[in-house]
Amino acid sequence: MKNVLIAPRRYIQGRGVLNEIGPLLRAIGKKPIFLWDNRVKAVIAPAVQNESFVDVEFRGQCTKAEAERVAALARQNSADIIVAFGGGKTLDSGKAAAAFAGVKMVTVPTIASNDSPTSSYTVWYDDAGNCLGFESWGVNPDLVLVDTQVIANAPVRSLVAGMGDALATWFEAEACRKTRACNLAGSGGTATMASLAIARLCYDTLMQHGIEAKRAVEQHLVTPAVEKIVEANVLLSGLGFESCGCASAHMIANCFPSFPECHGLMHGEEVGFGLLAQLCLDEDTETAELYKVVDFEIAIGLPVTFAELGLAGVKRDRLQKIGDICAGKGSLCENHPFTVTSDSIVDALFAADALGRERKKTCGLSQE
């Protein structure tokens with residue numbers, strides 16, 4: 001078995017680095033398309049007002065039709081770079097469009113809500129927001145540009161969601177390591193020592209600096225803790241998930257968008273709860289570590305109960321479809337060193353909800 005690590009060509013993070021975008025882009029190509037929605041454009045426009053680019057509005061959902069539309073515009077305008085600004089769906093659409101058009105790709109996240117910016121993957125949705133699966137383009141972005149002041153100015157909820165996404169990285173990596181499961185870097189490879197170390201560093205960084213970073217971003221401040229957590233959410237988690245692999249936390253999370261009650265959730269919020277279910281599913285999970293993770297999620301404000309997911313009072317039969325998908329052939333749940341069944345997934349979901357409710361009581365935060 002071979003070991004494979006995959007990564008973007010260049011990653012730049014820091015306060016004010018968005019002001020350097022012009023020379024950075026000119027080192028990659030000559031005619032960029034800027035893909036963004038109107039809200040993000042209003043934030044970014046002052047920093048790029050002197051640049052020459054083709055302005056393309058993102059239409060809000062990462063569908064194949066949207067990616068093909070953007071790719072067609074790239075070809076029509078003879079663009080040689082697609083620069084995507086915003087959150088995960090905009091970036092994923094930009095990556096797919098760049099692959100379709102055969103041009104360079106740059107991601108500029110304006111929130112640190114997930115690890116999409118560094119990866120080669122696009123997560124596909126339909127027009128209603130249901131997750132349809134994911135697809136790799138075989139290459140990562142040519143440049144990832146992360147301005148931490150822009151991140152700190154965004155809603156704190158997005159940073160917290162990013163921590164939920166990143167929190168699962170190490171536990172999913174460890175599951176894949178135990179089974180020698182192939183990672184998501186392609187070519188049928190497994191994790192390198194470097195990628196496993198990155199995944200562990202991601203977890204340790206979150207636990208050490210996450211609460212402090214949240215406090216700073218609530219005041220729109222850029223502190224050393226914020227820099228560390230942004231790097232954990234974007235770079236460490238991105239390299240970790242792609243070069244180590246995923247398991248039940250993400251498989252469960254990708255099922256929540258099919259519930260109308262969950263459409264307001266961010267991906268990292270879904271992953272955070274999915275991780276609790278994964279830990280409840282795995283017989284190797286130590287109670288002390290389980291409590292450490294759920295208490296951290298409570299402290300930073302991630303949803304840890306069905307009620308917080310919008311699924312208060314949900315019955316077993318509704319959750320059985322999550323179990324059936326997770327237990328299906330080709331599921332990421334196959335990366336565990338034990339057999340995952342539909343019933344064991346549903347049991348783990350209810351166990352995670354009970355755990356969350358109990359620990360919130362212990363923390364004095366229960367609203368029951």
# chains A, B, ... in the order shown; residues from 1 in each chain; ligands from 1
$ closest_atom_pairs --of "stretch 18-137 of chain A" --to "stretch 271-279 of chain A" --cutoff "12 Å" --atoms "only C-alpha atoms" --output "CSV"
residue,atom,partner,partner_atom,distance
A:Ser113,CA,A:Val271,CA,11.3
A:Asn114,CA,A:Val271,CA,9.9
A:Asp115,CA,A:Val271,CA,11.7
$ write_last_selection --atoms "N, CA and C atoms" --output "PDB file, in the first residue's frame"
ATOM      1  N   SER A 113     -15.552  28.558   8.052  1.00  0.00           N
ATOM      2  CA  SER A 113     -16.625  27.678   8.516  1.00  0.00           C
ATOM      3  C   SER A 113     -16.427  26.223   8.144  1.00  0.00           C
ATOM      4  N   ASN A 114     -15.465  25.928   7.264  1.00  0.00           N
ATOM      5  CA  ASN A 114     -15.194  24.536   6.889  1.00  0.00           C
ATOM      6  C   ASN A 114     -13.823  24.472   6.218  1.00  0.00           C
ATOM      7  N   ASP A 115     -13.457  23.255   5.797  1.00  0.00           N
ATOM      8  CA  ASP A 115     -12.117  23.052   5.232  1.00  0.00           C
ATOM      9  C   ASP A 115     -12.115  22.926   3.720  1.00  0.00           C
TER      10      ASP A 115
END
$ residues_around --residues "A:His336" --least-positions-apart "3" --cutoff "8 Å" --atoms "only C-alpha atoms" --output "MDAnalysis selection string"
chainID A and resid 175:176 178:179 247 333 339:340
$ residues_around --residues "A:Gly138" --least-positions-apart "5" --cutoff "9 Å" --atoms "only C-alpha atoms" --output "list in words"
Ser120, Tyr121, Ala185 and Gly186 of chain A
$ closest_residue --among "A:Ser342, A:Gly86, A:Arg26, A:Val54" --to "A:Lys329" --atoms "only C-alpha atoms"
A:Ser342
$ select_by_dssp --residues "stretch 134-263 of chain A" --states "alpha helix (DSSP H)" --output "NGL selection string"
:A and (148-153 or 156-179 or 193-218 or 224-231 or 237-244 or 248-253)
$ atom_distance --atom1 "atom CA of A:Tyr203" --atom2 "atom CA of A:Ala232"
8.0 Å
